[in-house]
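Participant: This is the structure I want to talk about, given as structure tokens.
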Amino acid sequence: MTRSLFRLFKDVHRISGWRLPLLVGLTFLNALFDGATVAVLLPLLKAVGGVVGTGEDRLSQGMTAVLSFFGFATTAISIAAFGLCLIAIGAIIFLAQAHLSAKLQTDYVAHWQRTLFQSYFRAEFGFFRTRRAGDLIAAAITEPIRLGGAFYQANLILSSVLFIGVQILVALVIAPLVVALLFGAGVFLFIVSVGLVRRGLLIGEEMTIVNADLQSDANELVLGAKFVKATATEARAVERLSKTIFRLRDLTFANAFDVQIVRALFEYASALVVIALLVVGPLVFAVDVGAVIVIVAMFVRLFPKVTGLRQCQQSISLVLPAFDAVSAMVNEARRVAEPLAGHREAIHKSMIPVGVSFDRLAVDIEGRAVLRDISFSIEPGEFLVLTGPTGAGKTTLVDCLLGLRRLTGGKIKIDDQPLETLSMQEWRNSIGYLGQDPLLFHASIKDNLEWVRPQSEPGEISQALDRAAATFVERLPQSLETIVGDAGSRLSGGERQRIALARALLGAPRLLVLDEATSALDAATEAGVVETISRLKGQMTIIAITHRPALLSVADRVVEIKNGHATIIDHGTLTTL
């Protein structure tokens with residue numbers, strides 16, 4: 001655990017810089033003033049004359065010297081006033097330390113959440129294909145929060161260690177032998193509870209996995225709520241979630257009860273030690289009654305800190321595995337990160353339609369040859385349709401063109417430039433894309449339209465909606481400010497598709513990619529969209545995946561993808577689409 005704590009503080013220092021040493025300094029000052037406040041009790045007892053045998057120790061002599069230095073007499077009032085000043089200063093330092101600690105913790109959580117999402121979206125698209133969405137979400141949301149909890153517990157451990165250290169130093173000045181006995185009792189209790197801390201680490205590692213499972217299952221079932229309801233399988237959905245929920249419950253209970261065991265062990269044992277100290281100190285070791293009273297007062301305050309320290313160790317063992325989890329996920333994403341834009345050749349900024357060529361392209365997916373020896377070209381401004389049986393590789397071919405899937409062999413050229421030499425960000429910014437399942441965010445129609453091009457003018461938005469036959473938006477009560485719901489659930493399938501098409505057309509892209517763009521449209525709406533696409537020929541290069549006769553009829557060329565190969569076919573030969 002010590003090594004893991006060191007790595008945690010090193011990581012916090014990497015992110016927070018000078019603020020972490022400042023936090024440590026404030027924590028030390030807080031402990032120092034707290035110890036000094038307790039130390040004032042012994043000379044105060046002498047001054048009030050309440051206890052015989054006090055005042056000859058070095059602590060009382062030191063207090064007399066301090067007060068004399070500032071010109072005060074060693075009276076009960078002056079010592080009490082000095083103690084109140086120490087308390088006030090200590091309270092100010094405590095609040096400053098607490099403020100900085102809370103700030104560092106929240107900044108640390110936010111940093112890791114942003115870093116995780118940033119690494120996800122900088123990774124190649126294949127990174128998302130090979131992982132469950134729930135695992136990614138859990139790593140980016142739940143685990144950083146647990147990591148923040150680890151920082152909080154680590155800070156408590158540091159505070160407790162410094163507090164205990166200062167209190168012990170003060171007590172050693174008063175009665176070193178008694179302190180040695182108390183310290184030995186504390187070490188014994190720590191050794192007894194070692195097994196519980198180790199078990200906490202194991203529980204923490206398993207909770208990382210179970211949390212991810214729960215997030216993944218919940219995400220799938222919530223997104224599939226329509227299917228669950230339509231098939232009357234609500235009970236199965238709840239049963240699937242319940243297994244993970246109950247496992248998480250058992251792990252949480254085991255850790256919570258272990259913490260209480262540690263608390264009981266230290267609190268009840270500390271009560272016995274205090275009673276023994278009151279009896280044994282004066283009778284066996286001839287320690288002054290005043291010194292014993294002060295040490296008892298110190299250790300009455302000290303043992304809760306010792307108990308808290310052990311509980312913090314128990315709690316941090318539960319959340320420390322989050323550090324390894326988030327670090328591993330970020331490293332995985334960074335290993336497959338797309339090259340930065342500055343490292344690649346920029347694509348021409350003009351709005352001239354692009355020319356595309358596929359040269360002996362091949363793609364294997366999990367050992368299966370999906371595309372083989374694909375070779376054909378698309379002229380700038382041409383409208384080309386890709387057709388063929390389901391699963392033939394049409395979408396895979398388009399994914400390769402978008403730079404979303406690696407090639408096994410061959411090349412793709414954009415205006416005679418190899419695709420791999422281009423800045424992927426700039427290349428994709430020149431594309432209007434509409435996929436099979438158009439994604440709409442839980443936001444207004446305007447926000448969804450401006451997702452790709454935030455600076456769009458109202459006239460451009462209106463023109464894009466008109467081109468996509470999405471003028472129904474104007475008839476909505478809130479028009480462009482209408483909230484579409486999760487994944488566009490408040491709109492019909494055809495309305496979602498038309499808004500997504502308008503988004504693809506916004507900004508007059510150089511290349512328009514349509515994957516079954518009219519599949520959810522009725523015949524009349526489809527006719528309007530087809531007419532728009534027909535008018536766009538020559539203004540931009542268009543690639544459409546479709547089986548719909550209406551789009552096929554206005555295409556310049558049709559390429560059939562079948563058995564992994566591409567064949568340019570005559571419109572007249574298309575009988576079954």
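Chain labels run A, B, ... following the order of the structure tokens; each chain numbers its residues from 1, and ligands are numbered from 1 in the order shown.
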May I have the residues within 10 Å of Ala80 of chain A as a list of chain:residue names, using only C-alpha atoms and disregarding those fewer than 4 positions away in the same chain?
Facilitator: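 Selected residues are A:Thr37, A:Val40, A:Leu41, A:Pro43, A:Leu44, A:Ala47, A:Thr75, A:Ala76, A:Leu84, A:Cys85, A:Leu86.
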Participant: Any idea what the distance is between atom CA of Gly148 of chain A and atom CA of Val109 of chain A?
Facilitator: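 We find that atom CA of Gly148 of chain A and atom CA of Val109 of chain A lie 5.4 Å from each other.
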Participant: Would you please extract all strand (DSSP E) residues from segment 362-485 of chain A, as assigned by DSSP on the backbone, and give them as a ChimeraX atom specification?
Facilitator: /A:362-365,368-378,383-387,409-414,417-418,431-434
Participant: Would you mind listing what lies within 7 Å of segment 428-441 of chain A as a ChimeraX atom specification, with only C-alpha atoms counted and same-chain residues fewer than 3 positions away left out?
Facilitator: /A:402,424-425,448,486-488,497,500-501,504-505,509-517
Participant: Grab the atom CA of Ala502 of chain A to atom CA of Ala550 of chain A distance for me, in Å with one decimal place.
Facilitator: 18.9 Å
Participant: Mind giving me the straight-line distance from atom CA of Leu401 of chain A to atom CA of Thr130 of chain A in Å, one decimal?
Facilitator: 20.2 Å
Participant: When you count only C-alpha atoms, which of these residues is closest to Arg368 of chain A: A:Thr27, A:Thr408, A:Gln97, A:Gln478?
Facilitator: A:Thr408
Participant: Compare A:Ala333, A:Ile499, A:Met540, A:Ala468 by their minimum atom-to-atom distance to Glu526 of chain A, counting only C-alpha atoms, and give me the closest one.
Facilitator: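 For Glu526 of chain A, the nearest of the given residues is A:Ala468.
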Participant: Applying 9 Å and only C-alpha atoms, which residues near Ile15 of chain A remain after dropping the ones on its own chain fewer than 5 positions away? List them as a ChimeraX atom specification.
Facilitator: /A:10,107-108,111
Participant: What lies within 7 Å of Ala123 of chain A using only C-alpha atoms, ignoring chain neighbours under 3 positions off, as a list in words?
Facilitator: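 My reading of the contact set: Ser119, Tyr120, Phe127, Ala333, Arg334, Val336, Ala337 and Glu338 of chain A.
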